[in-house]
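Coordinates from my_file-v5.txt are shown below (compact mmCIF, N, CA and C atoms and all ligand atoms).
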# COMPACT_ATOMS: atom_id res chain seq x y z
N MET Q 1 -22.78 16.16 -41.11
CA MET Q 1 -22.11 15.00 -40.49
C MET Q 1 -22.30 13.76 -41.37
N ASN Q 2 -21.22 13.11 -41.58
CA ASN Q 2 -21.28 11.90 -42.39
C ASN Q 2 -21.20 10.68 -41.47
N ASN Q 3 -22.30 9.96 -41.36
CA ASN Q 3 -22.36 8.82 -40.46
C ASN Q 3 -22.13 7.50 -41.17
N ASP Q 4 -21.64 7.58 -42.37
CA ASP Q 4 -21.44 6.36 -43.15
C ASP Q 4 -20.51 5.38 -42.43
N ASN Q 5 -19.62 5.97 -41.68
CA ASN Q 5 -18.62 5.17 -40.98
C ASN Q 5 -19.25 4.08 -40.12
N LEU Q 6 -20.40 4.36 -39.53
CA LEU Q 6 -21.07 3.41 -38.66
C LEU Q 6 -21.36 2.11 -39.39
N ASN Q 7 -21.55 2.23 -40.68
CA ASN Q 7 -21.92 1.04 -41.45
C ASN Q 7 -20.78 0.04 -41.56
N SER Q 8 -19.59 0.52 -41.28
CA SER Q 8 -18.46 -0.40 -41.40
C SER Q 8 -18.25 -1.20 -40.13
N TYR Q 9 -19.16 -1.01 -39.18
CA TYR Q 9 -19.05 -1.78 -37.94
C TYR Q 9 -20.24 -2.71 -37.84
N LYS Q 10 -20.01 -3.86 -37.31
CA LYS Q 10 -21.10 -4.80 -37.14
C LYS Q 10 -21.05 -5.43 -35.76
N SER Q 11 -22.06 -6.18 -35.47
CA SER Q 11 -22.09 -6.87 -34.18
C SER Q 11 -21.88 -8.35 -34.41
N LEU Q 12 -21.13 -8.94 -33.54
CA LEU Q 12 -20.86 -10.38 -33.65
C LEU Q 12 -21.00 -11.02 -32.28
N PRO Q 13 -21.45 -12.26 -32.26
CA PRO Q 13 -21.48 -12.96 -30.97
C PRO Q 13 -20.07 -13.38 -30.57
N CYS Q 14 -19.81 -13.26 -29.29
CA CYS Q 14 -18.51 -13.68 -28.77
C CYS Q 14 -18.31 -15.15 -29.08
N LYS Q 15 -17.13 -15.49 -29.54
CA LYS Q 15 -16.88 -16.88 -29.94
C LYS Q 15 -16.84 -17.81 -28.74
N LYS Q 16 -16.70 -17.24 -27.57
CA LYS Q 16 -16.61 -18.09 -26.39
C LYS Q 16 -17.93 -18.23 -25.67
N CYS Q 17 -18.60 -17.06 -25.42
CA CYS Q 17 -19.79 -17.14 -24.60
C CYS Q 17 -21.05 -16.74 -25.37
N GLY Q 18 -20.87 -16.22 -26.56
CA GLY Q 18 -22.04 -15.90 -27.37
C GLY Q 18 -22.61 -14.53 -27.11
N ARG Q 19 -22.05 -13.80 -26.20
CA ARG Q 19 -22.50 -12.45 -25.92
C ARG Q 19 -22.29 -11.59 -27.16
N ILE Q 20 -23.28 -10.75 -27.46
CA ILE Q 20 -23.16 -9.90 -28.64
C ILE Q 20 -22.19 -8.77 -28.37
N VAL Q 21 -21.22 -8.68 -29.22
CA VAL Q 21 -20.24 -7.61 -29.09
C VAL Q 21 -20.50 -6.61 -30.22
N ASP Q 22 -20.77 -5.35 -29.85
CA ASP Q 22 -21.08 -4.33 -30.84
C ASP Q 22 -19.81 -3.71 -31.40
N ASN Q 23 -19.99 -3.12 -32.56
CA ASN Q 23 -18.92 -2.34 -33.17
C ASN Q 23 -17.62 -3.10 -33.36
N VAL Q 24 -17.75 -4.32 -33.78
CA VAL Q 24 -16.53 -5.02 -34.16
C VAL Q 24 -16.18 -4.55 -35.57
N GLY Q 25 -14.95 -4.60 -35.93
CA GLY Q 25 -14.53 -4.12 -37.24
C GLY Q 25 -15.17 -4.94 -38.35
N GLU Q 26 -15.28 -4.33 -39.50
CA GLU Q 26 -15.86 -4.99 -40.66
C GLU Q 26 -15.13 -6.27 -41.00
N GLU Q 27 -13.84 -6.26 -40.76
CA GLU Q 27 -13.01 -7.41 -41.12
C GLU Q 27 -13.14 -8.55 -40.11
N ALA Q 28 -13.63 -8.23 -38.92
CA ALA Q 28 -13.65 -9.22 -37.86
C ALA Q 28 -14.57 -10.38 -38.22
N VAL Q 29 -14.05 -11.57 -38.03
CA VAL Q 29 -14.85 -12.76 -38.26
C VAL Q 29 -15.21 -13.39 -36.92
N LYS Q 30 -14.22 -13.35 -36.06
CA LYS Q 30 -14.44 -13.89 -34.72
C LYS Q 30 -14.18 -12.77 -33.73
N VAL Q 31 -14.91 -12.81 -32.66
CA VAL Q 31 -14.71 -11.78 -31.64
C VAL Q 31 -14.80 -12.40 -30.26
N THR Q 32 -14.04 -11.86 -29.38
CA THR Q 32 -14.09 -12.29 -27.99
C THR Q 32 -14.53 -11.09 -27.17
N CYS Q 33 -15.57 -11.29 -26.40
CA CYS Q 33 -16.07 -10.15 -25.62
C CYS Q 33 -15.11 -9.81 -24.49
N SER Q 34 -15.34 -8.64 -23.93
CA SER Q 34 -14.41 -8.15 -22.91
C SER Q 34 -14.37 -9.06 -21.69
N MET Q 35 -15.51 -9.65 -21.38
CA MET Q 35 -15.54 -10.54 -20.22
C MET Q 35 -14.64 -11.74 -20.41
N CYS Q 36 -14.70 -12.29 -21.63
CA CYS Q 36 -13.89 -13.47 -21.90
C CYS Q 36 -12.41 -13.11 -21.98
N VAL Q 37 -12.16 -11.89 -22.46
CA VAL Q 37 -10.76 -11.45 -22.51
C VAL Q 37 -10.23 -11.37 -21.09
N LEU Q 38 -11.04 -10.78 -20.23
CA LEU Q 38 -10.65 -10.67 -18.82
C LEU Q 38 -10.42 -12.04 -18.22
N GLY Q 39 -11.36 -12.95 -18.56
CA GLY Q 39 -11.26 -14.30 -18.03
C GLY Q 39 -10.00 -14.99 -18.48
N ALA Q 40 -9.62 -14.72 -19.74
CA ALA Q 40 -8.43 -15.37 -20.27
C ALA Q 40 -7.17 -14.81 -19.64
N VAL Q 41 -7.19 -13.50 -19.46
CA VAL Q 41 -6.01 -12.87 -18.88
C VAL Q 41 -5.90 -13.19 -17.40
N GLY Q 42 -7.04 -13.29 -16.78
CA GLY Q 42 -7.04 -13.58 -15.36
C GLY Q 42 -7.02 -12.31 -14.55
N PHE Q 43 -7.72 -12.36 -13.47
CA PHE Q 43 -7.74 -11.18 -12.61
C PHE Q 43 -6.39 -11.05 -11.90
N PRO Q 44 -6.02 -9.84 -11.65
CA PRO Q 44 -4.74 -9.67 -10.95
C PRO Q 44 -4.76 -10.38 -9.62
N GLU Q 45 -3.68 -11.09 -9.35
CA GLU Q 45 -3.63 -11.84 -8.10
C GLU Q 45 -3.55 -10.90 -6.92
N GLU Q 46 -4.12 -11.37 -5.87
CA GLU Q 46 -4.03 -10.58 -4.66
C GLU Q 46 -2.57 -10.51 -4.23
N PRO Q 47 -2.16 -9.34 -3.81
CA PRO Q 47 -0.77 -9.26 -3.37
C PRO Q 47 -0.53 -10.18 -2.20
N LYS Q 48 0.52 -10.96 -2.33
CA LYS Q 48 0.81 -11.89 -1.24
C LYS Q 48 1.43 -11.12 -0.09
N SER Q 49 1.16 -11.61 1.07
CA SER Q 49 1.71 -10.93 2.24
C SER Q 49 3.22 -11.06 2.22
N ALA Q 50 3.87 -10.11 2.80
CA ALA Q 50 5.33 -10.06 2.75
C ALA Q 50 5.94 -11.25 3.46
N TYR Q 51 5.23 -11.78 4.42
CA TYR Q 51 5.81 -12.87 5.19
C TYR Q 51 5.63 -14.20 4.47
N LYS Q 52 6.73 -14.80 4.14
CA LYS Q 52 6.67 -16.13 3.54
C LYS Q 52 7.39 -17.09 4.47
N PRO Q 53 6.69 -18.11 4.91
CA PRO Q 53 7.40 -19.07 5.74
C PRO Q 53 8.39 -19.85 4.90
N THR Q 54 9.63 -19.78 5.27
CA THR Q 54 10.68 -20.40 4.47
C THR Q 54 11.14 -21.72 5.05
N GLY Q 55 10.76 -21.95 6.30
CA GLY Q 55 11.26 -23.14 6.97
C GLY Q 55 12.67 -22.95 7.48
N ARG Q 56 13.17 -21.74 7.27
CA ARG Q 56 14.51 -21.46 7.78
C ARG Q 56 14.41 -20.88 9.18
N PRO Q 57 15.45 -21.08 9.95
CA PRO Q 57 15.37 -20.55 11.32
C PRO Q 57 15.46 -19.04 11.31
N ALA Q 58 14.95 -18.46 12.35
CA ALA Q 58 15.03 -17.01 12.48
C ALA Q 58 16.49 -16.61 12.50
N GLY Q 59 16.80 -15.60 11.75
CA GLY Q 59 18.18 -15.09 11.75
C GLY Q 59 19.12 -15.93 10.91
N TRP Q 60 18.56 -16.77 10.01
CA TRP Q 60 19.42 -17.65 9.20
C TRP Q 60 20.37 -16.83 8.35
N HIS Q 61 19.92 -15.64 7.94
CA HIS Q 61 20.78 -14.87 7.05
C HIS Q 61 21.92 -14.17 7.79
N TRP Q 62 21.93 -14.33 9.09
CA TRP Q 62 23.09 -13.84 9.84
C TRP Q 62 24.06 -14.98 10.13
N MET Q 63 23.64 -16.17 9.75
CA MET Q 63 24.51 -17.31 10.01
C MET Q 63 25.65 -17.33 9.00
N LYS Q 64 26.84 -17.67 9.50
CA LYS Q 64 28.03 -17.69 8.66
C LYS Q 64 27.78 -18.61 7.47
N GLU Q 65 27.16 -19.72 7.75
CA GLU Q 65 26.84 -20.65 6.67
C GLU Q 65 25.52 -21.31 6.96
N PHE Q 66 24.65 -21.24 5.99
CA PHE Q 66 23.36 -21.89 6.15
C PHE Q 66 23.03 -22.63 4.87
N VAL Q 67 22.70 -23.91 5.00
CA VAL Q 67 22.36 -24.71 3.84
C VAL Q 67 20.86 -25.01 3.87
N ASP Q 68 20.20 -24.58 2.83
CA ASP Q 68 18.75 -24.78 2.76
C ASP Q 68 18.44 -26.24 2.47
N LYS Q 69 17.14 -26.56 2.62
CA LYS Q 69 16.72 -27.95 2.42
C LYS Q 69 17.08 -28.45 1.02
N ASP Q 70 17.02 -27.54 0.03
CA ASP Q 70 17.31 -27.97 -1.34
C ASP Q 70 18.80 -27.92 -1.64
N GLY Q 71 19.60 -27.67 -0.60
CA GLY Q 71 21.04 -27.71 -0.82
C GLY Q 71 21.66 -26.36 -1.17
N THR Q 72 20.82 -25.34 -1.27
CA THR Q 72 21.35 -24.01 -1.55
C THR Q 72 22.15 -23.51 -0.36
N VAL Q 73 23.37 -23.08 -0.65
CA VAL Q 73 24.24 -22.63 0.43
C VAL Q 73 24.21 -21.11 0.52
N TYR Q 74 24.06 -20.65 1.71
CA TYR Q 74 24.08 -19.20 1.96
C TYR Q 74 25.21 -18.87 2.91
N HIS Q 75 25.95 -17.85 2.58
CA HIS Q 75 26.92 -17.31 3.51
C HIS Q 75 26.42 -15.94 3.95
N LEU Q 76 26.10 -15.84 5.20
CA LEU Q 76 25.51 -14.60 5.74
C LEU Q 76 24.33 -14.14 4.91
N GLY Q 77 23.50 -15.10 4.50
CA GLY Q 77 22.28 -14.78 3.76
C GLY Q 77 22.51 -14.60 2.27
N LYS Q 78 23.76 -14.69 1.83
CA LYS Q 78 24.04 -14.52 0.41
C LYS Q 78 24.17 -15.89 -0.24
N GLU Q 79 23.40 -16.08 -1.30
CA GLU Q 79 23.41 -17.37 -1.97
C GLU Q 79 24.77 -17.63 -2.60
N GLN Q 80 25.23 -18.87 -2.42
CA GLN Q 80 26.49 -19.29 -3.03
C GLN Q 80 26.19 -20.40 -4.03
N PRO Q 81 25.85 -20.01 -5.27
CA PRO Q 81 25.37 -21.01 -6.24
C PRO Q 81 26.40 -22.11 -6.51
N LYS Q 82 27.67 -21.76 -6.43
CA LYS Q 82 28.70 -22.77 -6.73
C LYS Q 82 28.74 -23.87 -5.71
N LEU Q 83 28.30 -23.54 -4.49
CA LEU Q 83 28.37 -24.51 -3.41
C LEU Q 83 27.11 -25.35 -3.28
N LYS Q 84 26.12 -25.03 -4.13
CA LYS Q 84 24.83 -25.71 -4.00
C LYS Q 84 24.99 -27.21 -4.12
N GLY Q 85 24.42 -27.90 -3.17
CA GLY Q 85 24.42 -29.36 -3.20
C GLY Q 85 25.71 -29.99 -2.70
N THR Q 86 26.66 -29.16 -2.26
CA THR Q 86 27.92 -29.73 -1.80
C THR Q 86 27.92 -29.97 -0.30
N LEU Q 87 26.91 -29.43 0.37
CA LEU Q 87 26.89 -29.55 1.82
C LEU Q 87 25.55 -30.10 2.28
N PRO Q 88 25.59 -30.78 3.41
CA PRO Q 88 24.31 -31.28 3.95
C PRO Q 88 23.49 -30.11 4.49
N PRO Q 89 22.18 -30.18 4.30
CA PRO Q 89 21.33 -29.09 4.78
C PRO Q 89 21.50 -28.85 6.28
N THR Q 90 21.49 -27.62 6.63
CA THR Q 90 21.59 -27.27 8.04
C THR Q 90 20.36 -27.77 8.77
N LYS Q 91 20.63 -28.45 9.86
CA LYS Q 91 19.50 -28.96 10.63
C LYS Q 91 18.89 -27.83 11.43
N VAL Q 92 17.60 -27.66 11.24
CA VAL Q 92 16.91 -26.60 11.96
C VAL Q 92 16.29 -27.18 13.20
N LYS Q 93 16.79 -26.73 14.31
CA LYS Q 93 16.23 -27.24 15.55
C LYS Q 93 14.97 -26.46 15.88
N PRO Q 94 13.92 -27.17 16.20
CA PRO Q 94 12.71 -26.44 16.62
C PRO Q 94 13.00 -25.65 17.88
N VAL Q 95 12.49 -24.46 17.89
CA VAL Q 95 12.76 -23.60 19.05
C VAL Q 95 12.03 -24.14 20.27
N LYS Q 96 12.83 -24.43 21.26
CA LYS Q 96 12.22 -24.96 22.48
C LYS Q 96 11.91 -23.80 23.40
N LYS Q 97 10.70 -23.84 23.88
CA LYS Q 97 10.35 -22.81 24.85
C LYS Q 97 10.87 -23.24 26.20
N LYS Q 98 11.55 -22.30 26.83
CA LYS Q 98 12.08 -22.60 28.15
C LYS Q 98 10.92 -22.71 29.13
N ARG Q 99 10.89 -23.85 29.75
CA ARG Q 99 9.83 -24.03 30.73
C ARG Q 99 10.40 -23.79 32.11
N LYS Q 100 9.71 -23.00 32.85
CA LYS Q 100 10.19 -22.75 34.20
C LYS Q 100 10.03 -24.00 35.02
N LYS Q 101 11.12 -24.30 35.69
CA LYS Q 101 11.05 -25.47 36.55
C LYS Q 101 10.15 -25.15 37.73
N ARG Q 102 9.32 -26.10 37.97
CA ARG Q 102 8.45 -25.89 39.13
C ARG Q 102 9.21 -26.22 40.39
N ARG Q 103 9.21 -25.30 41.26
CA ARG Q 103 9.88 -25.56 42.52
C ARG Q 103 8.93 -26.30 43.46
N THR Q 104 9.53 -27.16 44.22
CA THR Q 104 8.71 -27.81 45.24
C THR Q 104 8.50 -26.81 46.38
N LYS Q 105 7.57 -27.12 47.20
CA LYS Q 105 7.28 -26.21 48.31
C LYS Q 105 8.50 -26.04 49.20
N GLU Q 106 9.18 -27.16 49.39
CA GLU Q 106 10.36 -27.13 50.26
C GLU Q 106 11.43 -26.21 49.66
N GLU Q 107 11.63 -26.39 48.37
CA GLU Q 107 12.63 -25.56 47.69
C GLU Q 107 12.28 -24.08 47.80
N MET Q 108 10.98 -23.83 47.65
CA MET Q 108 10.53 -22.45 47.75
C MET Q 108 10.80 -21.87 49.13
N LEU Q 109 10.50 -22.67 50.13
CA LEU Q 109 10.72 -22.21 51.50
C LEU Q 109 12.21 -21.99 51.75
N LEU Q 110 13.02 -22.89 51.26
CA LEU Q 110 14.47 -22.76 51.41
C LEU Q 110 14.97 -21.49 50.74
N ALA Q 111 14.43 -21.24 49.54
CA ALA Q 111 14.84 -20.06 48.81
C ALA Q 111 14.42 -18.80 49.56
N MET Q 112 13.21 -18.85 50.09
CA MET Q 112 12.72 -17.70 50.85
C MET Q 112 13.57 -17.48 52.09
N ASP Q 113 13.92 -18.59 52.72
CA ASP Q 113 14.73 -18.51 53.93
C ASP Q 113 16.09 -17.91 53.60
N ALA Q 114 16.70 -18.39 52.53
CA ALA Q 114 18.01 -17.90 52.12
C ALA Q 114 17.92 -16.41 51.82
N GLU Q 115 16.83 -16.04 51.16
CA GLU Q 115 16.65 -14.63 50.81
C GLU Q 115 16.55 -13.78 52.08
N ARG Q 116 15.78 -14.31 52.98
CA ARG Q 116 15.56 -13.56 54.22
C ARG Q 116 16.86 -13.40 54.99
N LYS Q 117 17.62 -14.49 54.99
CA LYS Q 117 18.90 -14.45 55.70
C LYS Q 117 19.83 -13.42 55.05
N ALA Q 118 19.80 -13.40 53.74
CA ALA Q 118 20.63 -12.46 53.01
C ALA Q 118 20.22 -11.04 53.33
N GLU Q 119 18.92 -10.84 53.37
CA GLU Q 119 18.40 -9.51 53.70
C GLU Q 119 18.84 -9.10 55.10
N LEU Q 120 18.72 -10.06 55.97
CA LEU Q 120 19.08 -9.80 57.37
C LEU Q 120 20.56 -9.44 57.47
N LYS Q 121 21.37 -10.22 56.76
CA LYS Q 121 22.81 -9.99 56.75
C LYS Q 121 23.09 -8.56 56.27
N LYS Q 122 22.38 -8.22 55.20
CA LYS Q 122 22.56 -6.89 54.62
C LYS Q 122 22.19 -5.81 55.63
N ALA Q 123 21.07 -6.07 56.28
CA ALA Q 123 20.57 -5.09 57.25
C ALA Q 123 21.55 -4.92 58.39
N VAL Q 124 22.08 -6.05 58.85
CA VAL Q 124 23.03 -6.01 59.95
C VAL Q 124 24.28 -5.25 59.54
N LYS Q 125 24.72 -5.54 58.32
CA LYS Q 125 25.92 -4.88 57.82
C LYS Q 125 25.67 -3.37 57.72
N LYS Q 126 24.50 -3.05 57.27
CA LYS Q 126 24.15 -1.64 57.12
C LYS Q 126 24.22 -0.94 58.48
N GLN Q 127 23.65 -1.63 59.44
CA GLN Q 127 23.61 -1.06 60.78
C GLN Q 127 25.01 -0.90 61.34
N LYS Q 128 25.82 -1.94 61.10
CA LYS Q 128 27.21 -1.90 61.58
C LYS Q 128 27.94 -0.72 60.94
N ASP Q 129 27.74 -0.60 59.63
CA ASP Q 129 28.39 0.50 58.92
C ASP Q 129 27.97 1.83 59.52
N PHE Q 130 26.67 1.91 59.77
CA PHE Q 130 26.11 3.15 60.32
C PHE Q 130 26.76 3.47 61.66
N LEU Q 131 26.82 2.41 62.49
CA LEU Q 131 27.40 2.60 63.82
C LEU Q 131 28.87 2.96 63.72
N ASN Q 132 29.56 2.24 62.85
CA ASN Q 132 30.99 2.52 62.68
C ASN Q 132 31.23 3.97 62.29
N HIS Q 133 30.35 4.44 61.40
CA HIS Q 133 30.54 5.80 60.94
C HIS Q 133 30.23 6.80 62.05
N LYS Q 134 29.24 6.42 62.85
CA LYS Q 134 28.82 7.35 63.87
C LYS Q 134 29.80 7.43 65.04
N PHE Q 135 30.20 6.18 65.44
CA PHE Q 135 31.02 6.17 66.64
C PHE Q 135 32.48 5.88 66.35
N GLY Q 136 32.69 5.28 65.20
CA GLY Q 136 34.06 4.90 64.88
C GLY Q 136 34.87 6.13 64.49
N GLY Q 137 36.19 5.92 64.41
CA GLY Q 137 37.17 6.93 63.99
C GLY Q 137 36.67 8.27 64.32
ZN ZN Z 1 -17.49 -13.82 -24.20
Take the structure in the file and write it out as C-alpha cells.
Ligand SMILES: [Zn+2]
Amino acid sequence: MNNDNLNSYKSLPCKKCGRIVDNVGEEAVKVTCSMCVLGAVGFPEEPKSAYKPTGRPAGWHWMKEFVDKDGTVYHLGKEQPKLKGTLPPTKVKPVKKKRKKRRTKEEMLLAMDAERKAELKKAVKKQKDFLNHKFGG
C-alpha cells in the first residue's frame, strides 16, 4: 500500500471560526469548515403552513370580479394583469355574526301562545277529519 497520498493533504484552520479542518487539498489556502458552510447556506426553512391569511374574503375566487388591496384584479380567482390598478379595491366587509335577538318575556309568551293555538287548531282539524272520515260520506 502506498500511503504517500496522505502527504498531499493538510489541515487548515477555518477562515471564519478557526476550527481545524483536516484533509484540505494541498492547494487550499483558505478553508471554510462544514459548520460555517452550513451557516452560510442557512438551514432549510420550516415548511410554512398551507394557510396564508390573504385578507381576502372567503370565497373571493368565486367572485366574478375581485380587486385585491394592491389593485390586482381577479376574475373568478384568475389574475387579470392587464386590469391591475384600473379598479378600486373590493371592499371587504367584516363578517358579522348574526346575533339572536333577545325576546322579551312578553314576546316569548305571545309566541308560545300562538304556537299553542296553532297546535290546538291542528288538533281540532285532525279530529274533525277523523270524524268526517268515520261518520261522513
Ligand atoms: Zn468554521
Residues within 8 Å of ligand ZN 1 (chain Z), counting only C-alpha atoms and all ligand atoms: report them as a list of chain:residue names.
->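 Residues lying within 8 Å of ligand ZN 1 (chain Z): Q:Pro13, Q:Cys14, Q:Lys15, Q:Lys16, Q:Cys17, Q:Gly18, Q:Arg19, Q:Thr32, Q:Cys33, Q:Ser34, Q:Met35, Q:Cys36, Q:Val37.
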Write out as a short mmCIF file (atom, residue, chain, number, x, y, z; two decimals) with N, CA and C atoms, keeping the file's coordinate frame which residues come within 8 Å of Q:His75 when counting all atoms listed in the file, dropping same-chain ones fewer than 3 positions away.
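Dumped to out17.cif:
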data_model
loop_
_atom_site.label_atom_id
_atom_site.label_comp_id
_atom_site.auth_asym_id
_atom_site.auth_seq_id
_atom_site.Cartn_x
_atom_site.Cartn_y
_atom_site.Cartn_z
N TRP Q 60 18.56 -16.77 10.01
CA TRP Q 60 19.42 -17.65 9.20
C TRP Q 60 20.37 -16.83 8.35
N HIS Q 61 19.92 -15.64 7.94
CA HIS Q 61 20.78 -14.87 7.05
C HIS Q 61 21.92 -14.17 7.79
N TRP Q 62 21.93 -14.33 9.09
CA TRP Q 62 23.09 -13.84 9.84
C TRP Q 62 24.06 -14.98 10.13
N MET Q 63 23.64 -16.17 9.75
CA MET Q 63 24.51 -17.31 10.01
C MET Q 63 25.65 -17.33 9.00
N LYS Q 64 26.84 -17.67 9.50
CA LYS Q 64 28.03 -17.69 8.66
C LYS Q 64 27.78 -18.61 7.47
N GLU Q 65 27.16 -19.72 7.75
CA GLU Q 65 26.84 -20.65 6.67
C GLU Q 65 25.52 -21.31 6.96
N PHE Q 66 24.65 -21.24 5.99
CA PHE Q 66 23.36 -21.89 6.15
C PHE Q 66 23.03 -22.63 4.87
N VAL Q 67 22.70 -23.91 5.00
CA VAL Q 67 22.36 -24.71 3.84
C VAL Q 67 20.86 -25.01 3.87
N THR Q 72 20.82 -25.34 -1.27
CA THR Q 72 21.35 -24.01 -1.55
C THR Q 72 22.15 -23.51 -0.36
N LYS Q 78 23.76 -14.69 1.83
CA LYS Q 78 24.04 -14.52 0.41
C LYS Q 78 24.17 -15.89 -0.24
N GLU Q 79 23.40 -16.08 -1.30
CA GLU Q 79 23.41 -17.37 -1.97
C GLU Q 79 24.77 -17.63 -2.60
N GLN Q 80 25.23 -18.87 -2.42
CA GLN Q 80 26.49 -19.29 -3.03
C GLN Q 80 26.19 -20.40 -4.03
#
In Å, rounded to a single decimal, give me how far atom N of Q:Pro89 is from atom CA of Q:Tyr74.
->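 The value is 11.4 Å.
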Counting all atoms listed in the file, the option among Q:Lys105, Q:Ala123, Q:Pro57, Q:Lys117 closest to Q:Lys93 =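 The shortest atom-to-atom distance to Q:Lys93 comes from Q:Pro57.
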Atomic separation - atom CA of Q:Met112 relative to atom N of Q:Lys128, Å | 22.9 Å
Straight-line distance linking atom CA of Q:Met108 with atom CA of Q:Lys122, stated in Å to one decimal |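 Between these atoms lies a distance of 20.8 Å.
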Every residue of stretch 6-118 of chain Q that DSSP places in strand (DSSP E or B), as a list in words =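 The residues of stretch 6-118 of chain Q classed as strand (DSSP E or B) are Tyr9, Lys10, Ser11, Leu12, Pro13, Cys14, Ile20, Val21, Asp22, Asn23, Val24, Gly25, Val31, Phe66, Val67, Val73, Tyr74, His75, Lys78, Glu79 and Gln80 of chain Q.
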If I only have part of stretch 73-86 of chain Q, can you fill in N, CA, C and O atoms and write it as an mmCIF file, in the coordinates of the input?
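Output contents, as saved in rebuild_24.cif:
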data_model
loop_
_atom_site.group_PDB
_atom_site.id
_atom_site.type_symbol
_atom_site.label_atom_id
_atom_site.label_comp_id
_atom_site.auth_asym_id
_atom_site.auth_seq_id
_atom_site.Cartn_x
_atom_site.Cartn_y
_atom_site.Cartn_z
ATOM 1 N N VAL Q 73 23.370 -23.080 -0.650
ATOM 2 C CA VAL Q 73 24.240 -22.630 0.430
ATOM 3 C C VAL Q 73 24.210 -21.110 0.520
ATOM 4 O O VAL Q 73 24.286 -20.411 -0.488
ATOM 5 N N TYR Q 74 24.060 -20.650 1.710
ATOM 6 C CA TYR Q 74 24.080 -19.200 1.960
ATOM 7 C C TYR Q 74 25.210 -18.870 2.910
ATOM 8 O O TYR Q 74 25.395 -19.537 3.913
ATOM 9 N N HIS Q 75 25.950 -17.850 2.580
ATOM 10 C CA HIS Q 75 26.920 -17.310 3.510
ATOM 11 C C HIS Q 75 26.420 -15.940 3.950
ATOM 12 O O HIS Q 75 26.313 -15.026 3.143
ATOM 13 N N LEU Q 76 26.100 -15.840 5.200
ATOM 14 C CA LEU Q 76 25.510 -14.600 5.740
ATOM 15 C C LEU Q 76 24.330 -14.140 4.910
ATOM 16 O O LEU Q 76 24.185 -12.959 4.611
ATOM 17 N N GLY Q 77 23.500 -15.100 4.500
ATOM 18 C CA GLY Q 77 22.280 -14.780 3.760
ATOM 19 C C GLY Q 77 22.510 -14.600 2.270
ATOM 20 O O GLY Q 77 21.558 -14.378 1.520
ATOM 21 N N LYS Q 78 23.760 -14.690 1.830
ATOM 22 C CA LYS Q 78 24.040 -14.520 0.410
ATOM 23 C C LYS Q 78 24.170 -15.890 -0.240
ATOM 24 O O LYS Q 78 24.936 -16.733 0.217
ATOM 25 N N GLU Q 79 23.400 -16.080 -1.300
ATOM 26 C CA GLU Q 79 23.410 -17.370 -1.970
ATOM 27 C C GLU Q 79 24.770 -17.630 -2.600
ATOM 28 O O GLU Q 79 25.364 -16.755 -3.210
ATOM 29 N N GLN Q 80 25.230 -18.870 -2.420
ATOM 30 C CA GLN Q 80 26.490 -19.290 -3.030
ATOM 31 C C GLN Q 80 26.190 -20.400 -4.030
ATOM 32 O O GLN Q 80 26.260 -21.574 -3.708
ATOM 33 N N PRO Q 81 25.850 -20.010 -5.270
ATOM 34 C CA PRO Q 81 25.370 -21.010 -6.240
ATOM 35 C C PRO Q 81 26.400 -22.110 -6.510
ATOM 36 O O PRO Q 81 26.033 -23.253 -6.762
ATOM 37 N N LYS Q 82 27.670 -21.760 -6.430
ATOM 38 C CA LYS Q 82 28.700 -22.770 -6.730
ATOM 39 C C LYS Q 82 28.740 -23.870 -5.710
ATOM 40 O O LYS Q 82 29.165 -24.982 -5.980
ATOM 41 N N LEU Q 83 28.300 -23.540 -4.490
ATOM 42 C CA LEU Q 83 28.370 -24.510 -3.410
ATOM 43 C C LEU Q 83 27.110 -25.350 -3.280
ATOM 44 O O LEU Q 83 27.030 -26.254 -2.467
ATOM 45 N N LYS Q 84 26.120 -25.030 -4.130
ATOM 46 C CA LYS Q 84 24.830 -25.710 -4.000
ATOM 47 C C LYS Q 84 24.990 -27.210 -4.120
ATOM 48 O O LYS Q 84 25.636 -27.715 -5.036
ATOM 49 N N GLY Q 85 24.420 -27.900 -3.170
ATOM 50 C CA GLY Q 85 24.420 -29.360 -3.200
ATOM 51 C C GLY Q 85 25.710 -29.990 -2.700
ATOM 52 O O GLY Q 85 25.849 -31.206 -2.711
ATOM 53 N N THR Q 86 26.660 -29.160 -2.260
ATOM 54 C CA THR Q 86 27.920 -29.730 -1.800
ATOM 55 C C THR Q 86 27.920 -29.970 -0.300
ATOM 56 O O THR Q 86 28.811 -30.608 0.223
#
